[in-house]
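Dumped model04.txt below, it's compact mmCIF, C-alpha atoms (C1' of nucleotides):
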# COMPACT_ATOMS: atom_id res chain seq x y z
CA MET A 1381 -14.50 -4.65 -9.80
CA ALA A 1382 -11.70 -2.96 -7.95
CA ASP A 1383 -9.71 -6.17 -7.78
CA GLY A 1384 -8.40 -7.34 -11.13
CA GLN A 1385 -5.98 -9.65 -9.37
CA THR A 1386 -8.76 -11.96 -8.26
CA GLN A 1387 -10.34 -11.93 -11.67
CA SER A 1388 -7.24 -12.82 -13.61
CA ALA A 1389 -6.17 -15.42 -11.07
CA SER A 1390 -9.46 -17.19 -11.55
CA THR A 1391 -9.42 -16.83 -15.33
CA GLY A 1392 -5.80 -17.74 -15.91
CA GLN A 1393 -2.51 -16.37 -17.16
CA ALA A 1394 -3.91 -15.05 -20.41
CA LEU A 1395 -5.72 -12.17 -18.73
CA LEU A 1396 -2.81 -10.89 -16.66
CA TYR A 1397 -2.71 -7.80 -18.83
CA LEU A 1398 -6.11 -6.80 -17.46
CA THR A 1399 -5.03 -6.49 -13.83
CA ASP A 1400 -5.68 -3.24 -12.01
CA GLU A 1401 -1.94 -2.67 -11.82
CA GLN A 1402 -1.58 -2.96 -15.60
CA LEU A 1403 -4.53 -0.66 -16.13
CA ARG A 1404 -3.15 1.91 -13.74
CA GLN A 1405 0.09 1.81 -15.68
CA GLY A 1406 -1.80 2.46 -18.90
CA ILE A 1407 -3.61 5.39 -17.31
CA GLU A 1408 -0.33 6.98 -16.27
CA ALA A 1409 1.18 6.29 -19.68
CA MET A 1410 -1.73 8.16 -21.30
CA PHE A 1411 -1.28 11.08 -18.93
CA PHE A 1412 2.46 11.48 -19.46
CA ALA A 1413 2.35 10.76 -23.18
CA TYR A 1414 -0.37 13.32 -23.80
CA ARG A 1415 1.83 15.94 -22.22
CA GLY A 1416 4.61 15.07 -24.64
CA PHE A 1417 2.13 14.93 -27.48
CA THR A 1418 1.10 18.57 -27.02
CA ALA A 1419 4.42 19.99 -25.82
CA ASP A 1420 5.98 20.86 -29.19
CA PRO A 1421 3.04 22.69 -30.78
CA ASP A 1422 2.37 24.40 -27.45
CA ARG A 1423 5.79 26.00 -27.58
CA ILE A 1424 5.14 27.42 -31.03
CA LEU A 1425 1.66 28.59 -30.09
CA GLU A 1426 2.91 30.39 -27.01
CA GLU A 1427 5.11 32.68 -29.08
CA LEU A 1428 2.11 33.65 -31.18
CA SER A 1429 -0.06 33.96 -28.04
CA TYR A 1430 -2.40 31.32 -29.34
CA GLY A 1431 -3.52 28.26 -27.42
CA ARG A 1432 -4.33 24.63 -28.01
CA ALA A 1433 -7.84 25.54 -29.04
CA HIS A 1434 -6.47 27.49 -32.00
CA HIS A 1435 -4.34 24.52 -33.01
CA ARG A 1436 -7.30 22.16 -32.92
CA ALA A 1437 -9.41 24.49 -35.04
CA LEU A 1438 -6.63 24.90 -37.60
CA HIS A 1439 -6.05 21.16 -37.70
CA PHE A 1440 -9.63 20.19 -38.42
CA ILE A 1441 -10.29 23.05 -40.83
CA HIS A 1442 -7.23 21.89 -42.71
CA CYS A 1443 -8.52 18.31 -42.81
CA ALA A 1444 -12.02 19.28 -43.91
CA PRO A 1445 -11.81 22.55 -45.87
CA GLY A 1446 -15.17 24.26 -46.26
CA THR A 1447 -16.56 22.65 -43.13
CA THR A 1448 -19.25 24.53 -41.22
CA VAL A 1449 -19.02 25.86 -37.68
CA ASN A 1450 -21.55 23.30 -36.53
CA ASN A 1451 -19.53 20.49 -38.02
CA LEU A 1452 -16.46 21.69 -36.23
CA LEU A 1453 -18.37 21.92 -32.96
CA ALA A 1454 -19.34 18.29 -33.15
CA ILE A 1455 -15.75 17.21 -33.74
CA LEU A 1456 -14.15 19.45 -31.15
CA GLY A 1457 -16.78 18.81 -28.50
CA VAL A 1458 -17.01 22.36 -27.18
CA THR A 1459 -19.78 24.95 -27.15
CA LYS A 1460 -20.23 27.16 -30.16
CA GLN A 1461 -19.51 30.22 -28.03
CA SER A 1462 -16.17 28.77 -27.04
CA LEU A 1463 -15.23 27.92 -30.60
CA ASN A 1464 -16.41 31.30 -31.81
CA ARG A 1465 -13.92 33.23 -29.74
CA VAL A 1466 -11.04 31.20 -31.15
CA LEU A 1467 -12.40 31.41 -34.66
CA ARG A 1468 -12.84 35.17 -34.44
CA THR A 1469 -9.18 35.76 -33.61
CA LEU A 1470 -8.07 33.40 -36.35
CA ILE A 1471 -10.23 35.26 -38.85
CA GLU A 1472 -9.06 38.67 -37.61
CA ASP A 1473 -5.47 37.53 -37.93
CA GLY A 1474 -6.07 36.38 -41.48
CA LEU A 1475 -5.48 32.67 -40.91
CA VAL A 1476 -9.03 31.51 -41.52
CA GLU A 1477 -11.70 32.66 -43.95
CA SER A 1478 -15.42 32.41 -43.31
CA HIS A 1479 -17.81 32.33 -46.27
CA ILE A 1480 -21.58 32.47 -46.05
CA GLY A 1481 -23.13 29.28 -47.40
CA ARG A 1482 -24.65 29.44 -50.87
CA SER A 1483 -27.54 27.05 -50.36
CA ASP A 1484 -28.04 27.79 -46.68
CA LYS A 1485 -27.09 31.33 -45.79
CA ARG A 1486 -27.10 30.57 -42.07
CA GLU A 1487 -24.02 28.42 -42.46
CA ARG A 1488 -20.43 29.69 -42.51
CA HIS A 1489 -17.93 27.63 -44.45
CA LEU A 1490 -14.42 27.73 -43.06
CA THR A 1491 -11.16 27.50 -44.99
CA LEU A 1492 -7.51 28.24 -44.26
CA THR A 1493 -5.79 31.15 -45.95
CA GLU A 1494 -2.23 30.72 -47.17
CA ALA A 1495 -0.98 32.08 -43.85
CA GLY A 1496 -3.28 29.66 -42.04
CA LYS A 1497 -1.98 26.75 -44.06
CA ALA A 1498 1.57 27.78 -43.27
CA LEU A 1499 0.97 27.86 -39.52
CA GLU A 1500 -0.99 24.61 -39.61
CA GLN A 1501 1.92 23.03 -41.43
CA GLN A 1502 4.40 24.36 -38.91
CA LEU A 1503 2.40 23.03 -35.96
CA SER A 1504 1.72 19.77 -37.69
CA ASP A 1505 5.38 19.28 -38.54
CA ALA A 1506 6.39 19.76 -34.92
CA GLN A 1507 3.82 17.29 -33.69
CA ARG A 1508 4.52 14.76 -36.40
CA LEU A 1509 8.23 14.89 -35.75
CA ARG A 1510 7.75 13.56 -32.24
CA MET A 1511 5.14 11.10 -33.44
CA ARG A 1512 7.45 9.84 -36.16
CA ASP A 1513 10.31 9.32 -33.72
CA ALA A 1514 8.01 7.44 -31.36
CA TYR A 1515 6.64 5.31 -34.20
CA ARG A 1516 10.10 4.52 -35.50
CA LYS A 1517 11.36 3.54 -32.06
CA ALA A 1518 8.32 1.35 -31.43
CA GLY A 1519 8.02 -0.33 -34.82
CA PRO A 1520 5.02 -1.10 -37.03
CA GLU A 1521 3.44 -3.83 -34.90
CA ALA A 1522 3.47 -1.61 -31.82
CA VAL A 1523 1.94 1.23 -33.84
CA ALA A 1524 -0.86 -1.03 -35.01
CA GLY A 1525 -1.58 -1.99 -31.40
CA PHE A 1526 -1.37 1.62 -30.32
CA LYS A 1527 -4.09 2.64 -32.77
CA THR A 1528 -6.26 -0.35 -31.92
CA VAL A 1529 -6.31 0.47 -28.22
CA LEU A 1530 -6.86 4.19 -28.77
CA GLU A 1531 -9.78 3.51 -31.06
CA ALA A 1532 -11.31 1.17 -28.50
CA MET A 1533 -10.95 3.87 -25.86
CA MET A 1534 -13.03 6.47 -27.72
CA ASP A 1535 -16.67 7.28 -27.12
CA ASP A 1536 -18.85 5.83 -29.84
CA ASP A 1537 -19.61 9.12 -31.55
CA MET A 1538 -15.97 10.19 -31.47
CA ARG A 1539 -14.95 6.87 -32.99
CA GLN A 1540 -17.37 7.52 -35.83
CA ALA A 1541 -15.94 10.99 -36.37
CA TYR A 1542 -12.43 9.54 -36.29
CA ILE A 1543 -13.23 6.82 -38.81
CA ALA A 1544 -15.04 9.27 -41.09
CA LEU A 1545 -12.03 11.60 -41.12
CA ARG A 1546 -9.62 8.72 -41.61
CA ASP A 1547 -11.50 7.10 -44.46
CA GLY A 1548 -12.56 10.38 -46.03
CA ARG A 1549 -9.04 11.19 -47.18
CA MET B 135 10.15 16.76 -43.64
CA ALA B 136 6.61 17.64 -44.51
CA ASP B 137 6.45 14.91 -47.12
CA GLY B 138 6.57 11.42 -45.61
CA GLN B 139 5.33 10.02 -48.88
CA THR B 140 8.60 10.73 -50.63
CA GLN B 141 10.58 9.36 -47.77
CA SER B 142 8.79 6.04 -47.56
CA ALA B 143 8.69 5.62 -51.32
CA SER B 144 12.45 5.92 -51.40
CA THR B 145 12.99 3.66 -48.40
CA GLY B 146 10.51 0.98 -49.35
CA GLN B 147 7.31 -0.67 -48.19
CA ALA B 148 8.52 -1.32 -44.66
CA LEU B 149 8.25 2.34 -43.67
CA LEU B 150 4.75 2.97 -44.98
CA TYR B 151 3.56 3.32 -41.40
CA LEU B 152 5.66 6.46 -41.09
CA THR B 153 3.85 8.45 -43.78
CA ASP B 154 2.43 11.85 -42.89
CA GLU B 155 -1.04 10.45 -43.41
CA GLN B 156 -0.44 7.66 -40.90
CA LEU B 157 1.04 10.13 -38.44
CA ARG B 158 -1.91 12.47 -38.82
CA GLN B 159 -4.20 9.56 -38.08
CA GLY B 160 -2.26 8.81 -34.93
CA ILE B 161 -2.52 12.44 -33.85
CA GLU B 162 -6.28 12.41 -34.25
CA ALA B 163 -6.52 9.07 -32.48
CA MET B 164 -4.68 10.57 -29.51
CA PHE B 165 -7.00 13.56 -29.48
CA PHE B 166 -10.24 11.60 -29.57
CA ALA B 167 -9.02 8.86 -27.25
CA TYR B 168 -7.87 11.30 -24.60
CA ARG B 169 -11.35 12.76 -24.54
CA GLY B 170 -12.78 9.33 -23.86
CA PHE B 171 -10.06 8.64 -21.35
CA THR B 172 -11.08 11.60 -19.15
CA ALA B 173 -14.83 11.56 -19.80
CA ASP B 174 -15.93 9.13 -17.06
CA PRO B 175 -14.03 10.64 -14.12
CA ASP B 176 -14.97 14.12 -15.35
CA ARG B 177 -18.64 13.29 -14.92
CA ILE B 178 -18.11 12.20 -11.31
CA LEU B 179 -15.93 15.22 -10.55
CA GLU B 180 -18.46 17.66 -11.91
CA GLU B 181 -21.07 16.59 -9.37
CA LEU B 182 -18.60 17.29 -6.59
CA SER B 183 -17.55 20.56 -8.27
CA TYR B 184 -14.01 19.31 -8.53
CA GLY B 185 -11.94 19.32 -11.69
CA ARG B 186 -9.35 17.22 -13.43
CA ALA B 187 -6.65 18.87 -11.36
CA HIS B 188 -8.16 17.37 -8.19
CA HIS B 189 -8.27 13.95 -9.82
CA ARG B 190 -4.62 14.10 -10.81
CA ALA B 191 -3.58 15.11 -7.30
CA LEU B 192 -5.62 12.30 -5.73
CA HIS B 193 -4.23 9.79 -8.22
CA PHE B 194 -0.58 10.51 -7.55
CA ILE B 195 -0.96 10.91 -3.80
CA HIS B 196 -2.62 7.51 -3.83
CA CYS B 197 0.24 6.00 -5.84
CA ALA B 198 2.96 7.55 -3.69
CA PRO B 199 1.55 8.03 -0.20
CA GLY B 200 3.63 10.39 1.92
CA THR B 201 4.98 12.19 -1.13
CA THR B 202 6.02 15.81 -0.68
CA VAL B 203 4.49 18.84 -2.36
CA ASN B 204 7.65 19.37 -4.41
CA ASN B 205 7.56 15.80 -5.63
CA LEU B 206 3.98 16.19 -6.74
CA LEU B 207 4.81 19.42 -8.55
CA ALA B 208 7.49 17.68 -10.59
CA ILE B 209 5.15 14.86 -11.58
CA LEU B 210 2.15 17.04 -12.37
CA GLY B 211 4.18 19.69 -14.16
CA VAL B 212 2.28 22.67 -12.77
CA THR B 213 3.25 25.61 -10.59
CA LYS B 214 2.98 25.40 -6.83
CA GLN B 215 0.37 28.18 -6.84
CA SER B 216 -1.77 26.11 -9.13
CA LEU B 217 -1.33 22.92 -7.13
CA ASN B 218 -1.83 24.75 -3.87
CA ARG B 219 -5.30 25.90 -4.80
CA VAL B 220 -6.35 22.34 -5.50
CA LEU B 221 -4.56 20.88 -2.49
CA ARG B 222 -6.11 23.43 -0.15
CA THR B 223 -9.64 22.47 -1.10
CA LEU B 224 -8.83 18.77 -0.85
CA ILE B 225 -7.42 19.26 2.66
CA GLU B 226 -10.33 21.49 3.70
CA ASP B 227 -12.75 18.86 2.47
CA GLY B 228 -10.96 16.15 4.44
CA LEU B 229 -9.76 14.09 1.48
CA VAL B 230 -6.04 14.73 1.92
CA GLU B 231 -3.88 15.09 5.02
CA SER B 232 -0.68 17.09 5.22
CA HIS B 233 1.92 16.13 7.82
CA ILE B 234 5.11 17.97 8.67
CA GLY B 235 8.16 15.91 7.78
CA ARG B 236 10.04 14.19 10.60
CA SER B 237 13.58 14.47 9.28
CA ASP B 238 13.04 17.69 7.35
CA LYS B 239 10.41 19.84 9.00
CA ARG B 240 10.07 22.09 5.98
CA GLU B 241 8.50 19.32 3.98
CA ARG B 242 4.83 18.40 4.04
CA HIS B 243 3.99 14.76 3.42
CA LEU B 244 0.68 14.14 1.74
CA THR B 245 -1.61 11.17 2.29
CA LEU B 246 -5.20 10.32 1.46
CA THR B 247 -7.76 10.08 4.25
CA GLU B 248 -10.33 7.28 4.15
CA ALA B 249 -12.70 9.63 2.32
CA GLY B 250 -9.92 10.52 -0.09
CA LYS B 251 -9.18 6.88 -0.76
CA ALA B 252 -12.85 6.26 -1.38
CA LEU B 253 -13.12 9.04 -3.97
CA GLU B 254 -9.84 8.05 -5.62
CA GLN B 255 -11.16 4.51 -5.87
CA GLN B 256 -14.42 5.70 -7.38
CA LEU B 257 -12.65 7.81 -10.00
CA SER B 258 -10.11 5.11 -10.68
CA ASP B 259 -12.79 2.48 -11.10
CA ALA B 260 -14.59 4.59 -13.68
CA GLN B 261 -11.42 5.21 -15.65
CA ARG B 262 -10.19 1.63 -15.39
CA LEU B 263 -13.52 0.27 -16.53
CA ARG B 264 -13.15 2.01 -19.87
CA MET B 265 -9.48 1.08 -20.04
CA ARG B 266 -10.27 -2.55 -19.30
CA ASP B 267 -12.91 -2.71 -22.01
CA ALA B 268 -10.52 -1.16 -24.50
CA TYR B 269 -7.72 -3.54 -23.49
CA ARG B 270 -10.00 -6.56 -23.72
CA LYS B 271 -11.28 -5.53 -27.14
CA ALA B 272 -7.76 -4.90 -28.41
CA GLY B 273 -5.99 -7.93 -26.93
CA PRO B 274 -2.62 -8.31 -25.18
CA GLU B 275 -0.36 -7.74 -28.19
CA ALA B 276 -2.09 -4.49 -29.05
CA VAL B 277 -1.82 -3.36 -25.42
CA ALA B 278 1.92 -4.04 -25.44
CA GLY B 279 2.28 -1.94 -28.58
CA PHE B 280 0.08 0.77 -27.11
CA LYS B 281 2.37 1.14 -24.10
CA THR B 282 5.51 1.01 -26.20
CA VAL B 283 4.40 3.89 -28.40
CA LEU B 284 3.13 5.98 -25.49
CA GLU B 285 6.40 5.55 -23.65
CA ALA B 286 8.34 6.60 -26.73
CA MET B 287 6.17 9.69 -27.02
CA MET B 288 6.99 11.06 -23.55
CA ASP B 289 9.57 13.70 -22.75
CA ASP B 290 12.68 12.18 -21.22
CA ASP B 291 12.04 13.39 -17.68
CA MET B 292 8.43 12.26 -17.81
CA ARG B 293 9.50 8.83 -19.01
CA GLN B 294 11.78 8.59 -16.00
CA ALA B 295 8.96 9.57 -13.67
CA TYR B 296 6.69 7.04 -15.36
CA ILE B 297 9.21 4.21 -15.07
CA ALA B 298 9.98 5.09 -11.46
CA LEU B 299 6.30 4.95 -10.56
CA ARG B 300 5.78 1.77 -12.53
CA ASP B 301 8.74 -0.11 -11.08
CA GLY B 302 8.30 1.33 -7.61
CA ARG B 303 5.17 -0.68 -6.96
C1' DT C 788 -47.19 33.85 -43.43
C1' DT C 789 -45.98 32.83 -39.27
C1' DG C 790 -43.76 30.20 -35.76
C1' DG C 791 -40.26 26.96 -34.67
C1' DA C 792 -35.70 25.12 -35.54
C1' DA C 793 -31.05 25.86 -36.83
C1' DT C 794 -26.86 28.75 -37.21
C1' DG C 795 -23.99 31.93 -35.56
C1' DT C 796 -22.65 36.26 -32.48
C1' DC C 797 -22.08 39.01 -28.24
C1' DA C 798 -21.50 39.47 -23.18
C1' DA C 799 -20.45 37.87 -18.76
C1' DC C 800 -18.61 34.47 -15.72
C1' DA C 801 -15.70 30.44 -13.68
C1' DA C 802 -11.98 27.01 -13.57
C1' DG C 803 -7.48 26.40 -13.82
C1' DA C 804 -3.31 27.33 -15.72
C1' DC C 805 0.44 31.09 -15.47
C1' DT C 806 3.93 34.94 -13.54
C1' DG C 807 5.84 37.76 -9.98
C1' DA C 808 6.62 39.25 -5.40
C1' DC C 809 6.71 38.06 -0.75
C1' DT C 810 6.65 35.52 4.04
C1' DT C 811 7.89 31.82 7.11
C1' DA C 812 10.35 28.02 8.70
C1' DT C 813 14.08 25.10 8.29
C1' DT C 814 18.33 23.27 6.59
C1' DT C 815 22.83 23.63 4.66
C1' DT C 816 27.06 25.86 3.91
C1' DC C 817 30.86 28.64 4.72
C1' DG D 957 26.92 31.53 14.17
C1' DA D 958 25.63 34.17 10.08
C1' DA D 959 24.40 33.82 5.38
C1' DA D 960 22.54 31.34 1.62
C1' DA D 961 19.55 27.91 -0.10
C1' DT D 962 15.41 25.17 0.10
C1' DA D 963 10.34 23.86 1.01
C1' DA D 964 6.05 25.44 1.42
C1' DG D 965 2.49 28.68 1.37
C1' DT D 966 0.11 33.22 0.12
C1' DC D 967 -1.60 37.35 -2.39
C1' DA D 968 -2.51 39.66 -6.57
C1' DG D 969 -3.14 39.80 -11.34
C1' DT D 970 -3.38 37.82 -16.13
C1' DC D 971 -4.62 34.52 -19.84
C1' DT D 972 -6.87 30.66 -22.15
C1' DT D 973 -10.70 28.19 -22.61
C1' DG D 974 -14.49 26.29 -21.06
C1' DT D 975 -19.43 27.49 -19.53
C1' DT D 976 -24.67 30.02 -19.76
C1' DG D 977 -27.85 33.25 -21.24
C1' DA D 978 -29.69 36.42 -24.49
C1' DC D 979 -30.22 37.66 -29.15
C1' DA D 980 -30.12 38.21 -34.47
C1' DT D 981 -30.57 35.99 -38.72
C1' DT D 982 -32.08 32.56 -41.81
C1' DC D 983 -34.61 28.58 -43.31
C1' DC D 984 -38.48 25.57 -43.60
C1' DA D 985 -42.81 23.58 -42.82
C1' DA D 986 -47.54 23.78 -41.10

Mind converting the file's structure to structure tokens?
Amino acid sequence: MADGQTQSASTGQALLYLTDEQLRQGIEAMFFAYRGFTADPDRILEELSYGRAHHRALHFIHCAPGTTVNNLLAILGVTKQSLNRVLRTLIEDGLVESHIGRSDKRERHLTLTEAGKALEQQLSDAQRLRMRDAYRKAGPEAVAGFKTVLEAMMDDDMRQAYIALRDGR
Amino acid sequence: MADGQTQSASTGQALLYLTDEQLRQGIEAMFFAYRGFTADPDRILEELSYGRAHHRALHFIHCAPGTTVNNLLAILGVTKQSLNRVLRTLIEDGLVESHIGRSDKRERHLTLTEAGKALEQQLSDAQRLRMRDAYRKAGPEAVAGFKTVLEAMMDDDMRQAYIALRDGR
DNA sequence: TTGGAATGTCAACAAGACTGACTTATTTTC
DNA sequence: GAAAATAAGTCAGTCTTGTTGACATTCCAA
């Protein structure tokens, strides 16, 4: 398995993009690109002494207003205790509102306040700006390929969450 | 800026892939894909009570054997205190060797021991396996686009580091 | 109606990032 | 040759964000 060279040599030219060297390149590309991807919002968050966890919570509450804590946990892939700390500060700071569920009083439904929407927008704008520049430089065909590979890279349950969010809008 | 819809409507069909909605999708794709990307090595590392930081160090020492601590710091983008903690355990555990530089005796040159190479290989294999599956599913054109977008997303200095590593092999 | 499952909260801890201050050895510069 | 700069390492302390464990509340089904 460790030798893609042998494999592609035996299978022909068409599979050259599956060599270990090509894969290693992709791995490094993911590593460096993800750093760029988070850099701009991170700068904004630092000034407010928030972290990436706050950004993620704001992002997904914005996308699915009224979502429950449990729902959010599944998407974010952290423990409820971990999410709770973040959520508590966001609620204290008046960015997020938590309402007890009407049908099921155990549930808390989460929504952004106006201030929360404003910050989410600000973070989103910063991140999208870089994304837009990258997309524009790369062109539509590259972007299509980009999304195809990313989707194929996800765990099954995360792909389902991704598709549900994408198609639910 | 917050309204890509307006922009693309005024510029025409060709820029539909630059709408805020498309960009938001890309952002979520990056988030979910990165989780998948790190999941397999993370499982291996956990058993050894190592973390992602150890993986990154092993990866780049493997790619650039004999690299100096300063070099590694620049690539990893962390402080020396942070790297040092990781490096110390890797050296103590006999996975990495540190040799005093010949021309400049202040420098320490880092290399993997046989055990280090073995673990790096194991982690790499796990990560490449997922990458290979994703690449195969997506096909060569998609992979080309994937790399193009990722490269465009990096900070300038990271892109230079990426290209140097890529072309230096 | 009672016991189990689900939802969410609080407390304590660990990894891994950070800053700041400092030492040591070596090299470069004036 | 002395002073400044560089490379590496260390100690101490903080912050974010992940983890477990224990616990309260609420719902539902036997």

(message) For Met265 in chain B, find every residue with an atom within 9 Å (counting only C-alpha atoms (C1' of nucleotides)), except residues of its own chain fewer than 2 positions away, and show them as a list in words.
(response) Leu1398, Leu1403, Arg1404, Gly1406, Ile1407, Val1529, Ala1532 and Met1533 of chain A; Phe171, Ala260, Gln261, Arg262, Leu263, Asp267, Ala268, Tyr269 and Arg270 of chain B

(request) Scan for residues within 8 Å of the point (1.4, 37.7, -16.9) in the coordinates of the file, using all atoms listed in the file, and reply as an MDAnalysis selection string. (result) (chainID C and resid 805:806) or (chainID D and resid 969:971)

(message) Would you compute the distance between CA of Gly1446 in chain A and CA of Thr1493 in chain A? Give it in Å to one decimal.
(response)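 For CA of Gly1446 in chain A relative to CA of Thr1493 in chain A, the distance reads 11.6 Å.
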
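Counting from CA of Glu241 in chain B, the distance to CA of Ser183 in chain B is 28.8 Å.
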
(message) Could you work out which residues of chain C fall inside 12 Å of chain B? Count all atoms listed in the file, and format the result as a ChimeraX atom specification.
(response) /C:801-807,811-815

(message) Would you pick out the contacts of range 221-223 of chain B at 8 Å or less, using all atoms listed in the file, so that residues sharing its chain but fewer than 5 positions from it are not included, and give the list as a PyMOL selection string?
(response) chain B and resi 188+191+230

(request) Measure the distance from CA of Asp174 in chain B to CA of Thr282 in chain B in Å and round it to one decimal. (result)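 Atom-to-atom, CA of Asp174 in chain B and CA of Thr282 in chain B are spaced 24.7 Å apart.
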
Under the rule of at most 7 Å, produce a per-residue listing of chain D near chain A: chain, number, name, the closest pair of atoms, and the distance in Å, as CSV, using all atoms listed in the file.
residue,atom,partner,partner_atom,distance
D:DT972,C1',A:Gly1431,CA,6.7
D:DG974,C1',A:Ser1462,CA,6.7
D:DT982,C1',A:Arg1486,CA,5.4

All file atoms of range 1486-1497 of chain A boxed axis-aligned, 5 Å per side, centre plus edges, as lines of an AutoDock Vina configuration file:
center_x = -14.0
center_y = 29.4
center_z = -44.6
size_x = 36.1
size_y = 15.3
size_z = 15.1

(message) What's around Asn218 in chain B at 10 Å? Count only C-alpha atoms (C1' of nucleotides), leave out sequence neighbours fewer than 4 positions away in its own chain, and write the answer as a list in words.
(response) Val203, Leu207, Thr213, Lys214, Arg222, Thr223 and Leu224 of chain B; DA964, DG965 and DT966 of chain D

(request) Show which residues sit within 12 Å of DT789 in chain C, as a PyMOL selection string. Count only C-alpha atoms (C1' of nucleotides), and ignore same-chain residues fewer than 5 positions away. (result) chain D and resi 984-986

(request) Go through A:Thr1418, A:Gln1405, A:Thr1491, A:Thr1448 one by one, measure the shortest atom-to-atom distance of each to chain B using only C-alpha atoms, and give the residue with the smallest value. (result)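 Among the listed residues, the smallest separation from chain B belongs to A:Gln1405.
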